[in-house]
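Everything below belongs to protein.txt, which stores compact mmCIF, C-alpha atoms and all ligand atoms.
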# COMPACT_ATOMS: atom_id res chain seq x y z
CA MET A 1 28.30 -3.56 19.95
CA LYS A 2 26.85 -4.87 16.65
CA ASN A 3 28.95 -4.85 13.50
CA ALA A 4 27.45 -3.77 10.16
CA LEU A 5 26.81 -7.39 9.08
CA GLN A 6 24.84 -8.36 12.15
CA LYS A 7 21.08 -8.34 11.82
CA LYS A 8 19.06 -6.07 14.05
CA ARG A 9 16.81 -8.04 16.34
CA VAL A 10 13.17 -7.02 16.78
CA VAL A 11 10.74 -8.98 18.96
CA ILE A 12 6.96 -8.69 18.98
CA ILE A 13 5.44 -9.54 22.35
CA VAL A 14 1.91 -10.97 22.15
CA GLY A 15 -0.30 -13.07 24.38
CA THR A 16 -3.92 -12.64 23.36
CA ARG A 17 -6.04 -13.25 20.27
CA PRO A 18 -6.31 -9.62 19.14
CA GLN A 19 -2.57 -9.04 19.64
CA ILE A 20 -1.70 -11.96 17.38
CA ILE A 21 -4.05 -10.64 14.68
CA LYS A 22 -2.59 -7.09 14.92
CA SER A 23 0.99 -8.39 14.74
CA ALA A 24 0.74 -10.85 11.82
CA PRO A 25 1.17 -8.24 9.03
CA VAL A 26 4.13 -6.62 10.83
CA LEU A 27 5.96 -9.94 11.10
CA LYS A 28 5.36 -10.54 7.40
CA ALA A 29 6.57 -7.07 6.47
CA PHE A 30 9.81 -7.60 8.43
CA LYS A 31 10.37 -10.95 6.70
CA SER A 32 11.32 -9.17 3.48
CA LYS A 33 13.98 -7.07 5.26
CA SER A 34 17.18 -9.08 5.22
CA GLU A 35 18.88 -6.78 7.72
CA TYR A 36 16.31 -7.68 10.40
CA GLU A 37 15.54 -10.74 12.42
CA CYS A 38 11.99 -10.47 13.72
CA SER A 39 10.46 -13.00 16.06
CA VAL A 40 7.55 -13.42 18.47
CA ILE A 41 7.34 -13.94 22.20
CA ASN A 42 4.05 -15.46 23.37
CA THR A 43 3.11 -14.69 26.98
CA GLY A 44 0.18 -17.12 26.88
CA GLN A 45 -2.21 -14.67 28.61
CA HIS A 46 -4.86 -16.33 26.47
CA TYR A 47 -4.07 -19.98 26.98
CA ASP A 48 -6.93 -21.89 25.30
CA TYR A 49 -5.98 -23.28 21.89
CA GLU A 50 -8.95 -21.47 20.25
CA MET A 51 -7.81 -18.11 21.67
CA ASN A 52 -4.09 -18.35 20.96
CA LYS A 53 -2.31 -21.18 19.07
CA GLN A 54 -5.13 -21.43 16.52
CA PHE A 55 -4.23 -17.93 15.28
CA PHE A 56 -0.53 -18.73 14.94
CA MET A 57 -1.57 -21.61 12.64
CA GLU A 58 -4.27 -19.77 10.73
CA LEU A 59 -2.20 -16.64 10.10
CA ASP A 60 0.83 -18.74 9.26
CA LEU A 61 3.08 -17.26 11.93
CA PRO A 62 6.38 -18.83 12.98
CA ASP A 63 6.59 -20.59 16.33
CA PRO A 64 7.35 -18.13 19.12
CA GLU A 65 10.99 -17.94 20.24
CA ILE A 66 9.62 -18.58 23.72
CA ASP A 67 6.22 -19.39 25.18
CA LEU A 68 5.98 -17.96 28.69
CA GLU A 69 2.81 -19.97 29.42
CA VAL A 70 1.60 -17.52 32.03
CA GLY A 71 -1.86 -19.12 32.04
CA GLN A 72 -4.66 -18.47 34.49
CA GLY A 73 -4.46 -16.03 37.42
CA SER A 74 -5.51 -12.61 38.61
CA ALA A 75 -4.38 -9.60 36.57
CA ASN A 76 -1.60 -8.87 39.07
CA GLU A 77 -0.44 -12.48 39.12
CA GLN A 78 -0.30 -12.53 35.32
CA ILE A 79 1.53 -9.20 35.17
CA PHE A 80 4.06 -10.34 37.78
CA LYS A 81 4.70 -13.67 36.02
CA ILE A 82 5.08 -12.05 32.60
CA MET A 83 7.45 -9.37 33.90
CA SER A 84 9.69 -11.80 35.71
CA SER A 85 9.80 -14.33 32.80
CA LEU A 86 10.47 -11.55 30.29
CA ASP A 87 13.18 -10.11 32.52
CA SER A 88 15.02 -13.39 32.52
CA HIS A 89 14.52 -14.13 28.79
CA LEU A 90 15.20 -10.66 27.42
CA SER A 91 18.25 -9.99 29.52
CA LYS A 92 19.87 -13.08 27.96
CA ASN A 93 18.40 -12.52 24.48
CA ARG A 94 18.42 -8.78 24.18
CA PRO A 95 16.57 -7.30 21.19
CA ASP A 96 17.31 -3.92 19.60
CA LEU A 97 13.64 -3.10 19.92
CA ALA A 98 10.41 -4.67 21.21
CA ILE A 99 7.07 -4.10 19.50
CA VAL A 100 4.21 -4.22 21.96
CA PRO A 101 0.72 -4.28 20.43
CA GLY A 102 -2.54 -3.24 22.06
CA ASP A 103 -3.57 -2.68 25.64
CA THR A 104 -3.69 -6.07 27.36
CA ASN A 105 -2.05 -7.02 30.65
CA SER A 106 0.60 -8.70 28.49
CA ALA A 107 1.24 -5.38 26.75
CA LEU A 108 1.55 -3.48 30.04
CA SER A 109 3.91 -6.08 31.56
CA ALA A 110 6.02 -6.24 28.41
CA GLY A 111 6.32 -2.46 28.33
CA ILE A 112 7.42 -2.21 31.95
CA ALA A 113 9.85 -5.16 31.67
CA CYS A 114 11.48 -3.67 28.55
CA SER A 115 11.64 -0.21 30.04
CA LYS A 116 13.45 -1.53 33.16
CA LEU A 117 15.92 -3.38 30.92
CA GLY A 118 16.50 -0.28 28.82
CA ILE A 119 15.10 -1.96 25.69
CA LYS A 120 13.50 0.38 23.18
CA ILE A 121 9.71 -0.02 22.91
CA ALA A 122 7.39 0.59 19.96
CA HIS A 123 3.74 0.66 21.00
CA LEU A 124 1.57 -0.61 18.17
CA GLU A 125 -1.98 0.82 18.32
CA ALA A 126 -0.93 3.76 20.45
CA GLY A 127 -3.11 6.71 21.43
CA CYS A 128 -6.54 5.04 21.62
CA ARG A 129 -8.59 6.53 24.43
CA SER A 130 -12.00 5.59 25.80
CA ASN A 131 -11.52 7.97 28.77
CA ASN A 132 -13.15 5.26 30.86
CA PHE A 133 -10.78 4.69 33.76
CA ARG A 134 -12.78 1.75 35.05
CA MET A 135 -11.51 -0.26 32.06
CA SER A 136 -8.19 -1.83 32.94
CA GLU A 137 -7.17 -1.54 29.26
CA GLU A 138 -7.46 2.25 29.45
CA ILE A 139 -4.85 2.32 32.23
CA ASN A 140 -2.64 -0.16 30.36
CA ARG A 141 -2.65 1.82 27.13
CA ARG A 142 -1.98 5.15 28.83
CA VAL A 143 0.98 3.79 30.83
CA LEU A 144 2.38 2.13 27.74
CA ASP A 145 2.11 5.28 25.65
CA HIS A 146 4.05 7.21 28.28
CA ILE A 147 6.95 4.74 28.55
CA SER A 148 7.35 3.92 24.84
CA ASP A 149 10.01 5.29 22.51
CA ILE A 150 7.92 4.97 19.34
CA LEU A 151 4.15 5.46 19.17
CA LEU A 152 2.54 3.79 16.17
CA CYS A 153 -0.92 5.36 16.05
CA PRO A 154 -3.69 3.75 13.98
CA THR A 155 -5.75 6.90 13.26
CA PRO A 156 -5.33 10.68 13.06
CA LEU A 157 -7.33 11.00 16.29
CA SER A 158 -5.07 8.61 18.21
CA LEU A 159 -2.04 10.64 17.12
CA LYS A 160 -3.79 13.80 18.28
CA ASN A 161 -4.49 12.16 21.64
CA VAL A 162 -0.84 11.32 22.38
CA LEU A 163 0.40 14.71 21.22
CA ALA A 164 -2.11 16.40 23.54
CA GLU A 165 -0.77 14.34 26.45
CA ARG A 166 2.79 15.52 25.81
CA VAL A 167 4.23 12.01 25.71
CA LEU A 168 8.00 11.57 25.95
CA ALA A 169 8.34 9.27 22.93
CA GLY A 170 10.86 10.39 20.33
CA VAL A 171 8.55 9.37 17.48
CA ALA A 172 4.76 9.42 17.17
CA GLU A 173 3.19 8.74 13.78
CA ASN A 174 -0.16 7.87 12.29
CA VAL A 175 0.67 4.66 10.40
CA GLY A 176 -2.86 3.28 9.96
CA ASP A 177 -4.30 0.14 11.50
CA THR A 178 -2.53 -3.20 11.07
CA MET A 179 -5.82 -5.04 11.77
CA PHE A 180 -7.06 -3.49 8.54
CA ASP A 181 -4.01 -4.96 6.76
CA SER A 182 -4.86 -8.38 8.25
CA LEU A 183 -8.43 -8.13 7.04
CA LEU A 184 -7.52 -7.02 3.51
CA ALA A 185 -4.94 -9.82 3.25
CA CYS A 186 -7.65 -12.44 3.55
CA THR A 187 -10.48 -11.03 1.44
CA ASP A 188 -9.99 -13.71 -1.27
CA SER A 189 -10.05 -16.60 1.20
CA LEU A 190 -13.11 -15.02 2.79
CA GLU A 191 -15.09 -15.53 -0.42
CA GLU A 192 -14.47 -19.27 -0.19
CA ASN A 193 -15.14 -19.61 3.53
CA GLY A 194 -18.18 -21.76 4.39
CA ALA A 195 -18.87 -20.74 8.02
CA THR A 196 -22.36 -19.37 7.28
CA SER A 197 -23.58 -22.45 5.46
CA ARG A 198 -21.96 -24.77 8.02
CA LEU A 199 -24.15 -23.17 10.67
CA ASN A 200 -27.21 -23.45 8.38
CA LEU A 201 -27.69 -19.69 8.39
CA LYS A 202 -29.15 -17.51 5.67
CA ARG A 203 -27.22 -14.38 4.69
CA HIS A 204 -28.45 -11.15 6.29
CA SER A 205 -31.00 -12.94 8.45
CA PHE A 206 -28.95 -13.38 11.62
CA VAL A 207 -27.00 -11.30 14.10
CA PHE A 208 -23.37 -11.96 15.03
CA MET A 209 -22.45 -11.28 18.65
CA THR A 210 -19.36 -11.31 20.87
CA VAL A 211 -19.22 -10.27 24.54
CA HIS A 212 -16.29 -10.61 26.90
CA ARG A 213 -15.54 -7.33 28.74
CA ALA A 214 -15.31 -7.79 32.50
CA GLU A 215 -17.87 -5.05 33.21
CA ASN A 216 -20.44 -6.87 31.03
CA VAL A 217 -19.90 -10.51 31.90
CA ASP A 218 -18.64 -10.48 35.49
CA VAL A 219 -21.75 -8.72 36.79
CA GLU A 220 -24.74 -11.09 36.70
CA ARG A 221 -27.29 -8.28 36.28
CA ASN A 222 -25.44 -6.84 33.27
CA LEU A 223 -25.02 -10.17 31.54
CA ALA A 224 -28.73 -10.94 32.10
CA ALA A 225 -29.72 -7.55 30.60
CA ILE A 226 -27.65 -8.25 27.48
CA LEU A 227 -29.25 -11.68 27.06
CA LYS A 228 -32.73 -10.16 27.44
CA GLY A 229 -31.87 -7.43 24.95
CA ILE A 230 -30.81 -9.86 22.26
CA GLU A 231 -33.78 -12.14 22.94
CA SER A 232 -35.97 -9.24 21.82
CA PHE A 233 -34.46 -9.37 18.29
CA GLY A 234 -36.45 -12.51 17.48
CA ILE A 235 -33.90 -13.60 14.83
CA PRO A 236 -30.96 -16.00 15.32
CA VAL A 237 -27.96 -14.56 17.18
CA VAL A 238 -24.69 -16.45 16.61
CA PHE A 239 -22.53 -16.16 19.68
CA PRO A 240 -19.00 -17.60 19.77
CA ALA A 241 -18.43 -17.24 23.49
CA HIS A 242 -15.08 -16.10 24.90
CA PRO A 243 -13.94 -18.57 27.63
CA ARG A 244 -14.45 -15.87 30.28
CA THR A 245 -18.07 -15.37 29.19
CA ARG A 246 -18.72 -19.11 28.99
CA SER A 247 -17.53 -19.55 32.56
CA ARG A 248 -19.78 -16.70 33.79
CA LEU A 249 -22.82 -18.13 31.96
CA ASP A 250 -22.17 -21.41 33.79
CA LYS A 251 -21.51 -19.75 37.15
CA PHE A 252 -24.68 -17.60 37.04
CA GLU A 253 -26.68 -20.47 35.49
CA SER A 254 -27.91 -17.86 33.01
CA LYS A 255 -31.07 -18.52 31.03
CA LEU A 256 -30.02 -18.55 27.39
CA PRO A 257 -32.40 -16.90 24.90
CA GLY A 258 -34.10 -19.31 22.50
CA ASN A 259 -32.74 -17.41 19.47
CA MET A 260 -29.11 -17.66 20.62
CA ILE A 261 -26.71 -20.08 18.91
CA LEU A 262 -23.92 -20.55 21.44
CA ILE A 263 -20.69 -21.85 19.90
CA GLN A 264 -16.95 -22.11 20.63
CA PRO A 265 -14.61 -19.18 19.77
CA LEU A 266 -14.10 -19.22 16.01
CA PRO A 267 -11.08 -19.03 13.76
CA TYR A 268 -10.40 -15.59 12.29
CA LEU A 269 -11.72 -16.26 8.78
CA ASP A 270 -14.94 -17.86 10.02
CA THR A 271 -15.50 -14.79 12.19
CA LEU A 272 -15.03 -12.35 9.34
CA ARG A 273 -17.26 -14.42 7.08
CA LEU A 274 -20.08 -14.49 9.64
CA VAL A 275 -19.71 -10.76 10.28
CA SER A 276 -19.84 -10.12 6.60
CA ASP A 277 -22.96 -12.28 6.10
CA SER A 278 -24.78 -11.02 9.19
CA LYS A 279 -27.59 -8.47 9.28
CA PHE A 280 -25.66 -6.52 11.90
CA VAL A 281 -23.27 -7.13 14.79
CA VAL A 282 -23.56 -6.78 18.58
CA THR A 283 -20.23 -6.59 20.37
CA ASP A 284 -18.11 -5.16 23.16
CA SER A 285 -14.88 -6.12 21.39
CA GLY A 286 -12.40 -3.43 20.41
CA GLY A 287 -11.15 -5.22 17.29
CA LEU A 288 -14.51 -6.44 16.06
CA GLN A 289 -15.99 -2.92 16.08
CA LYS A 290 -13.43 -1.94 13.48
CA GLU A 291 -13.79 -5.07 11.39
CA CYS A 292 -17.57 -4.53 11.18
CA TYR A 293 -16.94 -1.03 9.92
CA TRP A 294 -14.42 -2.15 7.30
CA LEU A 295 -16.79 -4.90 6.14
CA GLY A 296 -19.60 -2.38 5.78
CA LYS A 297 -21.63 -3.69 8.73
CA ARG A 298 -23.42 -1.64 11.33
CA SER A 299 -22.99 -2.56 14.98
CA LEU A 300 -24.44 -2.12 18.45
CA ILE A 301 -21.62 -1.62 20.93
CA LEU A 302 -22.35 -3.03 24.38
CA ARG A 303 -20.38 -0.28 26.09
CA ASP A 304 -20.99 3.27 27.29
CA THR A 305 -17.72 4.51 25.78
CA THR A 306 -15.35 3.29 23.12
CA GLU A 307 -11.73 3.98 22.24
CA TRP A 308 -12.84 3.84 18.58
CA THR A 309 -15.02 6.95 18.69
CA GLU A 310 -14.17 7.38 14.99
CA ILE A 311 -16.62 4.59 14.14
CA VAL A 312 -19.50 6.11 16.08
CA THR A 313 -18.77 9.48 14.50
CA ALA A 314 -18.73 7.82 11.06
CA GLY A 315 -22.31 6.73 11.78
CA ALA A 316 -21.62 2.98 11.80
CA SER A 317 -22.29 2.10 15.44
CA ILE A 318 -24.63 2.81 18.33
CA LEU A 319 -23.40 2.67 21.94
CA THR A 320 -25.99 0.81 24.00
CA GLY A 321 -24.09 -0.16 27.15
CA CYS A 322 -25.55 -3.27 28.75
CA ASP A 323 -29.03 -1.76 28.95
CA GLU A 324 -31.81 -4.06 27.73
CA THR A 325 -34.01 -1.18 26.54
CA LYS A 326 -31.18 0.56 24.68
CA ILE A 327 -30.16 -2.72 23.03
CA HIS A 328 -33.72 -3.24 21.79
CA LYS A 329 -33.96 0.38 20.64
CA GLY A 330 -30.62 -0.04 18.88
CA TYR A 331 -32.07 -3.03 17.05
CA LEU A 332 -35.03 -0.93 15.89
CA ASP A 333 -32.79 2.00 14.85
CA ILE A 334 -29.85 0.21 13.28
CA ASP A 335 -31.15 0.22 9.70
CA ASN A 336 -31.40 4.00 9.86
CA LEU A 337 -27.63 4.40 10.32
CA LYS A 338 -25.94 5.69 7.19
CA PRO A 339 -22.23 5.01 7.74
CA LYS A 340 -19.60 6.97 5.87
CA PRO A 341 -16.99 4.43 4.65
CA ASN A 342 -13.30 4.38 5.55
CA GLU A 343 -12.37 5.04 1.91
CA GLU A 344 -14.15 8.38 2.19
CA LEU A 345 -12.97 9.36 5.68
CA GLU A 346 -9.51 7.74 5.53
CA LEU A 347 -9.66 6.98 9.24
CA PHE A 348 -7.63 3.78 9.47
CA GLY A 349 -5.21 4.12 6.55
CA GLU A 350 -5.39 2.14 3.35
CA GLY A 351 -4.27 -1.30 4.54
CA LYS A 352 -0.53 -0.68 4.33
CA ALA A 353 0.10 0.05 7.98
CA ALA A 354 2.63 -2.78 8.49
CA GLN A 355 4.95 -1.39 5.81
CA LYS A 356 4.78 2.00 7.49
CA VAL A 357 5.54 0.42 10.86
CA VAL A 358 8.69 -1.14 9.42
CA LYS A 359 9.72 2.15 7.84
CA VAL A 360 9.29 4.09 11.09
CA ILE A 361 11.32 1.49 12.99
CA GLN A 362 14.05 1.43 10.33
CA ASN A 363 14.30 5.21 10.53
CA TYR A 364 14.44 5.08 14.29
CA LEU A 365 17.14 2.42 14.37
CA GLY A 366 19.08 4.36 11.77
CA ASP A 367 18.74 1.94 8.85
CA SER A 368 16.73 3.78 6.24
C1 LIG B 1 -9.88 -6.68 23.92
C2 LIG B 1 -9.00 -5.80 24.70
C3 LIG B 1 -7.81 -6.52 25.10
C4 LIG B 1 -8.18 -7.83 25.77
C5 LIG B 1 -9.00 -8.67 24.83
C6 LIG B 1 -9.44 -9.95 25.47
C7 LIG B 1 -9.70 -3.59 23.93
C8 LIG B 1 -9.32 -2.40 23.17
N1 LIG B 1 -8.79 -4.58 23.99
O1 LIG B 1 -9.46 -6.72 22.61
O2 LIG B 1 -7.08 -5.71 25.98
O3 LIG B 1 -7.05 -8.56 26.10
O4 LIG B 1 -10.11 -7.92 24.51
O5 LIG B 1 -10.00 -10.83 24.51
O6 LIG B 1 -10.76 -3.63 24.45
N2 LIG B 1 -12.32 -13.10 16.75
C9 LIG B 1 -12.10 -14.38 16.30
N3 LIG B 1 -12.95 -15.38 16.75
C10 LIG B 1 -13.99 -15.12 17.58
C11 LIG B 1 -14.21 -13.80 18.02
C12 LIG B 1 -13.34 -12.80 17.61
O7 LIG B 1 -11.21 -14.63 15.50
O8 LIG B 1 -14.71 -16.07 17.93
C13 LIG B 1 -11.39 -12.05 16.31
C14 LIG B 1 -12.04 -10.84 15.73
O9 LIG B 1 -12.28 -11.00 14.37
C15 LIG B 1 -11.01 -9.76 16.04
C16 LIG B 1 -10.39 -10.21 17.34
O10 LIG B 1 -10.68 -11.60 17.45
O11 LIG B 1 -10.00 -9.74 15.05
C17 LIG B 1 -10.96 -9.45 18.48
O12 LIG B 1 -10.54 -10.04 19.65
P1 LIG B 1 -11.26 -9.78 21.04
O13 LIG B 1 -10.96 -10.96 21.90
O14 LIG B 1 -12.66 -9.41 20.80
O15 LIG B 1 -10.41 -8.62 21.63
P2 LIG B 1 -10.60 -7.06 21.62
O16 LIG B 1 -11.84 -6.61 22.27
O17 LIG B 1 -10.27 -6.54 20.29
As structure tokens, how would this structure be written, given the file I've shared?
Ligand code: UD1
Amino acid sequence: MKNALQKKRVVIIVGTRPQIIKSAPVLKAFKSKSEYECSVINTGQHYDYEMNKQFFMELDLPDPEIDLEVGQGSANEQIFKIMSSLDSHLSKNRPDLAIVPGDTNSALSAGIACSKLGIKIAHLEAGCRSNNFRMSEEINRRVLDHISDILLCPTPLSLKNVLAERVLAGVAENVGDTMFDSLLACTDSLEENGATSRLNLKRHSFVFMTVHRAENVDVERNLAAILKGIESFGIPVVFPAHPRTRSRLDKFESKLPGNMILIQPLPYLDTLRLVSDSKFVVTDSGGLQKECYWLGKRSLILRDTTEWTEIVTAGASILTGCDETKIHKGYLDIDNLKPKPNEELELFGEGKAAQKVVKVIQNYLGDS
């Protein structure tokens, strides 16, 4: 039993690049609350420096209270390792609540481990649905939404989704998107960032691309179709390759298009700067789709479905799948898109999601 002077303990469980980016503003918002102690657990699902530690440094996050170093392995191996390490750590260092962001294998394992230990769970970025059950993330996010106590939804649509599924959570609120907070927090530093000139690129005369989804890069035919599609653009395509994609390009001995500039995964600010200076973006990333939209960029989404249908409806993106012809057509059509901005549609909040997250948690834990 805690006495009134004891701080409440909240842990945020991350393990991949996008989870670290989503969590940074929440950690900062908790810092100003003296009645809380908020720390991070890093599962290490992403284990390369450029995909994990780099973001702790760049976003000025404290060292994790524990690094589970789960590393390489099949999805089931990773899930098993994370669950058993979390079981042992959290049963000795019990938090009042665990925040679990996103839809990764780390998020699923953290949710199940906490639920078995009777630890309250807040799912950050709840309610997103692509309705594509072949995506492992779709399963992860649905399971997590149904075992969480608090659902922190990023958009009105995501809140509608969880309410329609009759989730058991005691609280479900639209708080806005913490990735938007992260982006707004660095707009000044973005001005000074030199990524575009370092790569000798001219503003608005290149395409920025990321591809890493299993269905796109693990199937040789699909990866080849994407490469052919972007070759048809005829202008430089900057491609910071995810380690998974890099390994598939090597394995398939893929022929790289002459207009492709293949580079290492980038720091966060460099990425946003290149997106912002690009002509348009080609991606299958969940997070990057939103960042393009917030930065006023149009995008081709290399997927048949997206959990961010709001962006397609806002007229900012075209779904092309991994079809060479559709990618080329998307390139021809992209200038005709007339996106309605977030400020007008108020889809993702106004960049103050982290404060709302803290408020919802305070209310839930009885501290407001
Ligand atoms: C997705 C999955 C997630 C999975 C992860 C693997 C969804 C909804 N989620 O997240 O389950 O674990 O992929 O990576 O599909 N960025 C950089 N440098 C780069 C490229 C991107 O900083 O070189 C930043 C982007 O600005 C963005 C974030 O990384 O903030 C996006 O991360 P990404 O790896 O693309 O993950 P998601 O697709 O968002």
Original post:
Of the residues A:Phe280, A:Phe233, A:Trp308, A:Phe30, which is the one nearest to ligand LIG 1 (chain B), using all atoms listed in the file?
Top reply: A:Trp308
Original post:
Between A:Gln355, A:Pro339, A:Ile327, A:Leu199, which is the closest to A:Ala24 once you count all atoms listed in the file?
Top reply: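 Closest to A:Ala24 of all the choices is A:Gln355.
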Original post:
Between atom CA of A:Asp67 and atom CA of A:Asp103, what is the distance, to one decimal in Å?
Top reply: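 A separation of 19.4 Å between them.
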Up to 10 Å from (-6.4, 7.3, 6.2) in the file's coordinates: name the residues, counting only C-alpha atoms, as a PDB file with C-alpha atoms, in the frame of the given file.
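Output file point_12.pdb is given in full below:
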ATOM      1  CA  PRO A 154      -3.690   3.750  13.980  1.00  0.00           C
ATOM      2  CA  THR A 155      -5.750   6.900  13.260  1.00  0.00           C
ATOM      3  CA  PRO A 156      -5.330  10.680  13.060  1.00  0.00           C
ATOM      4  CA  ASN A 174      -0.160   7.870  12.290  1.00  0.00           C
ATOM      5  CA  VAL A 175       0.670   4.660  10.400  1.00  0.00           C
ATOM      6  CA  GLY A 176      -2.860   3.280   9.960  1.00  0.00           C
ATOM      7  CA  ASP A 177      -4.300   0.140  11.500  1.00  0.00           C
ATOM      8  CA  ASN A 342     -13.300   4.380   5.550  1.00  0.00           C
ATOM      9  CA  GLU A 343     -12.370   5.040   1.910  1.00  0.00           C
ATOM     10  CA  GLU A 344     -14.150   8.380   2.190  1.00  0.00           C
ATOM     11  CA  LEU A 345     -12.970   9.360   5.680  1.00  0.00           C
ATOM     12  CA  GLU A 346      -9.510   7.740   5.530  1.00  0.00           C
ATOM     13  CA  LEU A 347      -9.660   6.980   9.240  1.00  0.00           C
ATOM     14  CA  PHE A 348      -7.630   3.780   9.470  1.00  0.00           C
ATOM     15  CA  GLY A 349      -5.210   4.120   6.550  1.00  0.00           C
ATOM     16  CA  GLU A 350      -5.390   2.140   3.350  1.00  0.00           C
ATOM     17  CA  GLY A 351      -4.270  -1.300   4.540  1.00  0.00           C
ATOM     18  CA  ALA A 353       0.100   0.050   7.980  1.00  0.00           C
TER      19      ALA A 353
END
Original post:
To one decimal place, how far is atom CA of A:Lys92 from atom CA of A:Lys116 in Å?
Top reply: 14.2 Å
**OP:** Could you give me the residues within 6 Å of ligand LIG 1 (chain B), counting all atoms listed in the file, as number ranges by chain?
**Re:** A: 16-18, 103-104, 137, 240, 265-268, 271-272, 285-288
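Once A:Thr210 and its same-chain neighbours fewer than 4 positions away are set aside, Phe239, Pro240, Ala241, His242, Val282, Thr283, Asp284 and Ser285 of chain A remain within 8 Å of it when counting only C-alpha atoms.
One finds atom CA of A:Pro64 at 26.4 Å from atom CA of A:Gly366.
Shortest atom-to-atom contact with A:Leu302 among A:Val211, A:Ala224, A:Leu184, A:Val237: A:Val211, counting all atoms listed in the file.
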**OP:** Tell me which of A:Asn93, A:Gln6, A:Asn216, A:Ser23 sits closest to A:Asp181, counting all atoms listed in the file.
**Re:**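 Ranking A:Asn93, A:Gln6, A:Asn216, A:Ser23 by distance to A:Asp181, first place goes to A:Ser23.
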Subject >> Non-local contacts of stretch 120-125 of chain A (7 Å; all atoms listed in the file; under 6 positions in same chain excluded) as a PyMOL selection string >> reply: chain A and resi 96-102+111+114+145+148-154
**OP:** Name the closest residue to A:Gln289 among the candidates A:Arg303, A:His46, A:Arg248, A:Arg9; distances are taken between atoms, counting only C-alpha atoms.
**Re:**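 When distances to A:Gln289 are compared using only C-alpha atoms, the smallest one comes from A:Arg303.
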Original post:
Which residue out of A:Glu69, A:Glu77, A:Glu58, A:Glu138 has the minimum interatomic distance to A:Ser182 when only C-alpha atoms are used?
Top reply: A:Glu58
What lies within 8 Å of A:Arg298 using all atoms listed in the file, ignoring chain neighbours under 6 positions off, as a PDB file with C-alpha atoms, keeping the file's coordinate frame?
ATOM      1  CA  PHE A 280     -25.660  -6.520  11.900  1.00  0.00           C
ATOM      2  CA  VAL A 281     -23.270  -7.130  14.790  1.00  0.00           C
ATOM      3  CA  CYS A 292     -17.570  -4.530  11.180  1.00  0.00           C
ATOM      4  CA  ALA A 316     -21.620   2.980  11.800  1.00  0.00           C
ATOM      5  CA  SER A 317     -22.290   2.100  15.440  1.00  0.00           C
ATOM      6  CA  ILE A 334     -29.850   0.210  13.280  1.00  0.00           C
ATOM      7  CA  LEU A 337     -27.630   4.400  10.320  1.00  0.00           C
ATOM      8  CA  PRO A 339     -22.230   5.010   7.740  1.00  0.00           C
TER       9      PRO A 339
END
So that I can check the surroundings of stretch 161-166 of chain A, please list as a PDB file with C-alpha atoms, in the coordinates of the input every protein, DNA and RNA residue that reaches within 8 Å of it, counting all atoms listed in the file and ignoring chain neighbours fewer than 4 positions away.
ATOM      1  CA  ALA A 126      -0.930   3.760  20.450  1.00  0.00           C
ATOM      2  CA  GLY A 127      -3.110   6.710  21.430  1.00  0.00           C
ATOM      3  CA  CYS A 128      -6.540   5.040  21.620  1.00  0.00           C
ATOM      4  CA  ARG A 129      -8.590   6.530  24.430  1.00  0.00           C
ATOM      5  CA  ASP A 145       2.110   5.280  25.650  1.00  0.00           C
ATOM      6  CA  LEU A 157      -7.330  11.000  16.290  1.00  0.00           C
ATOM      7  CA  ALA A 172       4.760   9.420  17.170  1.00  0.00           C
TER       8      ALA A 172
END
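Every protein, DNA or RNA residue with an atom at most 12 Å from A:Tyr331, where only C-alpha atoms count and chain neighbours fewer than 4 positions away do not, is listed here: Val207, Gly229, Ile230, Glu231, Ser232, Phe233, Gly234, Ile235, Lys279, Phe280, Val281, Val282, Arg298, Ser299, Leu300, Ile301, Ser317, Ile318, Leu319, Thr320, Glu324, Thr325, Lys326, Ile327, Asp335, Asn336 and Leu337 of chain A.
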Output as JSON the centre and edge lengths (Å, one decimal) of the box along x, y and z of the file that holds every listed atom of stretch 110-125 of chain A after adding 3 Å on each side.
{"center_x": 7.3, "center_y": -2.7, "center_z": 25.7, "size_x": 24.5, "size_y": 13.1, "size_z": 21.0}
